[in-house]
Amino acid sequence: MEKDQTDHAACAPQVRLAFRVSYLGSRFYGSQMQDARRTVEGEIVAACERLKLFCDWRAAGFLSAGRTDRGVHARGQVIAFSTEFPDRAIKALNIQLPPDIWCTAYSEVLPAFHPRYDARSRTYRYYFSGSSDRWKMDAAAQHFIGNHNFTNFARVGNKNPYRDVLSVSVGEDAGFTYLEVTAESFLWHQVRCMAAAIQQVGAGEQDEKWIAELLEQETNRPIQPAPAEGLILWDTDCGIAWTRMPVDERSGAYLQQLQRHHALMERVCHTLEEENQK
C-alpha cells in the first residue's frame with residue numbers, strides 16, 4: 001500500500017499556485033535570487049525545498065512579478081510556482097518562511113501564468129519622514145500621469161525610458177505623507193526618484209513646473225533616488241481572485257517587536273537630543 005501511495009504522489013498532476021507576499025526588506029539584499037546573499041526569492045525557494053514542494057525551482061517555474069532593491073518592502077508582491085502538493089504549500093509555507101516574509105493569500109492559476117508578464121499594473125507607496133506641503137506635492141505629482149520620458153527620474157540603462165503612469169496621488173497615513181503611484185511597469189529607481197523630486201517641491205526648494213520641465217528635457221543632473229526604506233511595493237494587479245490565508249504568529253510577533261524597538265529608539269534619541277540642548 002505504501003508503495004502504491006508513493007507512486008500515486010509521484011504521478012500527481014502539477015498545480016500552479018500564485019501567492020501574494022509581504023516582506024520587510026531591511027534584512028534582504030533585494031528580492032532577486034543571488035548566490036551567497038539573503039534575498040526574498042532565496043528564502044521562499046528554500047522554504048519550498050524544505051517542504052519538498054519541488055526539487056528544482058527552475059523546473060517548477062518559480063517566478064515573481066518584479067524585483068525590489070535592497071531595503072525595499074512589499075505588501076503586494078506576487079510569486080508563482082508549480083507543485084504536486086498544493087495543499088501542503090497552502091497549509092505549511094508560512095510556517096516554513098522566516099518571520100520577515102509571509103504570504104497573505106493564494107490562488108490556483110492557469111499552468112501558463114507568469115506573474116511578471118500577466119501583471120496589469122503595479123502600485124508603489126513611498127512614505128516620507130518630516131513635514132512637507134502635501135498639497136503642493138500632490139499638484140506637482142499630477143505631471144507624472146500619462147506616457148512620459150523618465151530619463152531624469154530613473155536609472156534607464158539600455159531600456160526604453162518611456163513609461164505609462166496610470167495614477168498618482170499624495171496622501172496622509174497615521175501622520176505620514178506618502179506618494180502612491182500606479183503604472184504598467186517601472187524603471188529602476190523610478191519611484192524613489194519621483195519621490196525625491198516632489199519632496200523638494202513640498203519643502204519649497206522647487207515649484208511644480210520644475211517637474212514638467214524634467215519630463216520634457218534632459219538634464220546634466222538627474223534626480224538622486226530617495227532612501228529605499230520608505231518604499232513599499234503596495235500592490236500587483238494580476239487579475240487574480242485571491243483567497244486569504246493565515247499568517248504564522250511569528251511574523252506578527254516580529255512586527256510588534258520592531259515597533260517596540262523603534263518606539264524605544266525614538267525616545268532614546270529624543271532624550272539625548274534634549275541633553276545636547278541644555
# chains A, B, ... in the order shown; residues from 1 in each chain; ligands from 1
$ residues_around --residues "Ala18 (chain A)" --least-positions-apart "2" --cutoff "6 Å" --atoms "only C-alpha atoms" --output "JSON, numbers by chain"
{"A": [79, 80, 106, 107]}
$ write_last_selection --atoms "C-alpha atoms" --output "mmCIF file, in the first residue's frame"
data_model
loop_
_atom_site.group_PDB
_atom_site.id
_atom_site.type_symbol
_atom_site.label_atom_id
_atom_site.label_comp_id
_atom_site.auth_asym_id
_atom_site.auth_seq_id
_atom_site.Cartn_x
_atom_site.Cartn_y
_atom_site.Cartn_z
ATOM 1 C CA ILE A 79 5.142 34.796 -6.772
ATOM 2 C CA ALA A 80 4.116 31.598 -8.538
ATOM 3 C CA TYR A 106 -3.135 32.297 -2.612
ATOM 4 C CA SER A 107 -4.854 31.340 -5.856
#
$ select_by_dssp --residues "region 188-256 of chain A" --states "strand (DSSP E)" --output "PyMOL selection string"
chain A and resi 231-237+243-244
$ write_last_selection --atoms "C-alpha atoms" --output "PDB file, in the first residue's frame"
ATOM      1  CA  LEU A 231       9.342  52.425  -0.387  1.00  0.00           C
ATOM      2  CA  ILE A 232       6.699  49.667  -0.382  1.00  0.00           C
ATOM      3  CA  LEU A 233       5.544  47.564  -3.328  1.00  0.00           C
ATOM      4  CA  TRP A 234       1.916  48.156  -2.427  1.00  0.00           C
ATOM      5  CA  ASP A 235       0.031  46.012  -4.926  1.00  0.00           C
ATOM      6  CA  THR A 236       0.449  43.948  -8.080  1.00  0.00           C
ATOM      7  CA  ASP A 237      -2.715  43.563 -10.149  1.00  0.00           C
ATOM      8  CA  THR A 243      -8.173  33.502  -1.064  1.00  0.00           C
ATOM      9  CA  ARG A 244      -6.877  34.770   2.282  1.00  0.00           C
TER      10      ARG A 244
END
$ closest_residue --among "A:Gly76, A:Pro99, A:Gly71, A:Pro111" --to "Pro13 (chain A)" --atoms "only C-alpha atoms"
A:Pro111
$ closest_atom_pairs --of "region 85-172 of chain A" --to "region 29-42 of chain A" --cutoff "10 Å" --atoms "only C-alpha atoms" --output "JSON lines"
{"residue": "A:Leu97", "atom": "CA", "partner": "A:Val40", "partner_atom": "CA", "distance": 10.0}
{"residue": "A:Pro98", "atom": "CA", "partner": "A:Val40", "partner_atom": "CA", "distance": 9.9}
{"residue": "A:Asp100", "atom": "CA", "partner": "A:Val40", "partner_atom": "CA", "distance": 9.3}
{"residue": "A:Ile101", "atom": "CA", "partner": "A:Val40", "partner_atom": "CA", "distance": 7.5}
$ write_last_selection --atoms "N, CA and C atoms" --output "short mmCIF file (atom, residue, chain, number, x, y, z; two decimals), in the first residue's frame"
data_model
loop_
_atom_site.label_atom_id
_atom_site.label_comp_id
_atom_site.auth_asym_id
_atom_site.auth_seq_id
_atom_site.Cartn_x
_atom_site.Cartn_y
_atom_site.Cartn_z
N LEU A 97 8.50 29.81 6.33
CA LEU A 97 9.15 31.08 5.97
C LEU A 97 9.69 31.77 7.21
N PRO A 98 10.77 32.57 7.07
CA PRO A 98 11.25 33.37 8.20
C PRO A 98 10.23 34.45 8.54
N ASP A 100 10.18 37.61 8.65
CA ASP A 100 10.11 38.87 7.89
C ASP A 100 9.59 38.67 6.47
N ILE A 101 9.05 37.47 6.16
CA ILE A 101 8.32 37.20 4.91
C ILE A 101 7.07 36.42 5.27
#
$ atom_distance --atom1 "CA of Gln259 (chain A)" --atom2 "CA of Gln224 (chain A)"
29.1 Å
$ residues_around --residues "region 126-129 of chain A" --least-positions-apart "2" --cutoff "12 Å" --atoms "only C-alpha atoms" --output "PyMOL selection string"
chain A and resi 72-74+123-124+131-134+137+168-182+189-200+202-203+225-234
$ atom_distance --atom1 "CA of Ala46 (chain A)" --atom2 "CA of Gly239 (chain A)"
27.5 Å
$ residues_around --residues "Leu110 (chain A)" --least-positions-apart "6" --cutoff "9 Å" --atoms "only C-alpha atoms" --output "ChimeraX atom specification"
/A:15-17
$ write_last_selection --atoms "C-alpha atoms" --output "CSV table (one decimal), in the first residue's frame"
chain,number,residue,atom,x,y,z
A,15,VAL,CA,-0.9,22.5,-9.9
A,16,ARG,CA,0.3,26.1,-10.4
A,17,LEU,CA,-0.2,28.3,-7.4
$ closest_residue --among "A:Val21, A:Ala59, A:Leu93, A:Cys103" --to "Met245 (chain A)" --atoms "only C-alpha atoms"
A:Cys103
$ closest_residue --among "A:Ala241, A:Leu63, A:Leu53, A:Ala112" --to "Arg88 (chain A)" --atoms "only C-alpha atoms"
A:Leu53
$ closest_atom_pairs --of "region 160-183 of chain A" --to "region 213-216 of chain A" --cutoff "12 Å" --atoms "only C-alpha atoms" --output "Markdown table"
| residue | atom | partner | partner_atom | distance |
| --- | --- | --- | --- | --- |
| A:Pro161 | CA | A:Leu215 | CA | 10.7 |
| A:Tyr162 | CA | A:Leu215 | CA | 10.1 |
| A:Arg163 | CA | A:Leu215 | CA | 11.3 |
$ write_last_selection --atoms "N, CA and C atoms" --output "mmCIF file, in the first residue's frame"
data_model
loop_
_atom_site.group_PDB
_atom_site.id
_atom_site.type_symbol
_atom_site.label_atom_id
_atom_site.label_comp_id
_atom_site.auth_asym_id
_atom_site.auth_seq_id
_atom_site.Cartn_x
_atom_site.Cartn_y
_atom_site.Cartn_z
ATOM 1 N N PRO A 161 12.999 54.486 -22.066
ATOM 2 C CA PRO A 161 12.768 55.388 -20.938
ATOM 3 C C PRO A 161 11.315 55.815 -20.767
ATOM 4 N N TYR A 162 10.459 55.485 -21.711
ATOM 5 C CA TYR A 162 9.054 55.899 -21.638
ATOM 6 C C TYR A 162 8.246 54.888 -20.816
ATOM 7 N N ARG A 163 7.421 55.421 -19.918
ATOM 8 C CA ARG A 163 6.559 54.595 -19.096
ATOM 9 C C ARG A 163 5.181 55.249 -18.987
#
$ select_by_dssp --residues "region 98-145 of chain A" --states "alpha helix (DSSP H)" --output "list in words"
Arg134, Trp135, Lys136, Met137, Asp138, Ala139, Ala140 and Ala141 of chain A
$ atom_distance --atom1 "CA of Asp207 (chain A)" --atom2 "CA of Ser167 (chain A)"
20.5 Å
$ residues_around --residues "Cys238 (chain A)" --least-positions-apart "2" --cutoff "9 Å" --atoms "only C-alpha atoms" --output "PyMOL selection string"
chain A and resi 65+78+115-122+236+240
$ write_last_selection --atoms "N, CA and C atoms" --output "short mmCIF file (atom, residue, chain, number, x, y, z; two decimals), in the first residue's frame"
data_model
loop_
_atom_site.label_atom_id
_atom_site.label_comp_id
_atom_site.auth_asym_id
_atom_site.auth_seq_id
_atom_site.Cartn_x
_atom_site.Cartn_y
_atom_site.Cartn_z
N ALA A 65 6.67 38.69 -9.66
CA ALA A 65 6.12 39.74 -10.52
C ALA A 65 7.12 40.84 -10.82
N VAL A 78 3.89 39.30 -5.89
CA VAL A 78 3.24 38.07 -6.34
C VAL A 78 4.31 37.10 -6.81
N PRO A 115 3.70 35.72 -13.36
CA PRO A 115 3.35 36.90 -12.55
C PRO A 115 3.91 38.21 -13.08
N ARG A 116 5.00 38.15 -13.80
CA ARG A 116 5.56 39.40 -14.34
C ARG A 116 4.80 39.84 -15.59
N TYR A 117 4.67 38.93 -16.55
CA TYR A 117 4.07 39.29 -17.83
C TYR A 117 2.55 39.40 -17.76
N ASP A 118 1.94 38.73 -16.80
CA ASP A 118 0.48 38.80 -16.66
C ASP A 118 0.03 39.92 -15.74
N ALA A 119 0.96 40.65 -15.16
CA ALA A 119 0.60 41.77 -14.28
C ALA A 119 0.06 42.92 -15.12
N ARG A 120 -1.12 43.41 -14.75
CA ARG A 120 -1.73 44.53 -15.46
C ARG A 120 -1.12 45.86 -15.03
N SER A 121 -0.82 45.96 -13.74
CA SER A 121 -0.22 47.18 -13.21
C SER A 121 0.44 46.88 -11.88
N ARG A 122 1.27 47.81 -11.45
CA ARG A 122 1.93 47.73 -10.16
C ARG A 122 1.76 49.07 -9.44
N THR A 236 0.22 44.41 -6.71
CA THR A 236 0.45 43.95 -8.08
C THR A 236 -0.87 43.37 -8.58
N ILE A 240 -6.24 38.45 -10.38
CA ILE A 240 -6.45 37.21 -9.64
C ILE A 240 -7.50 37.39 -8.56
#
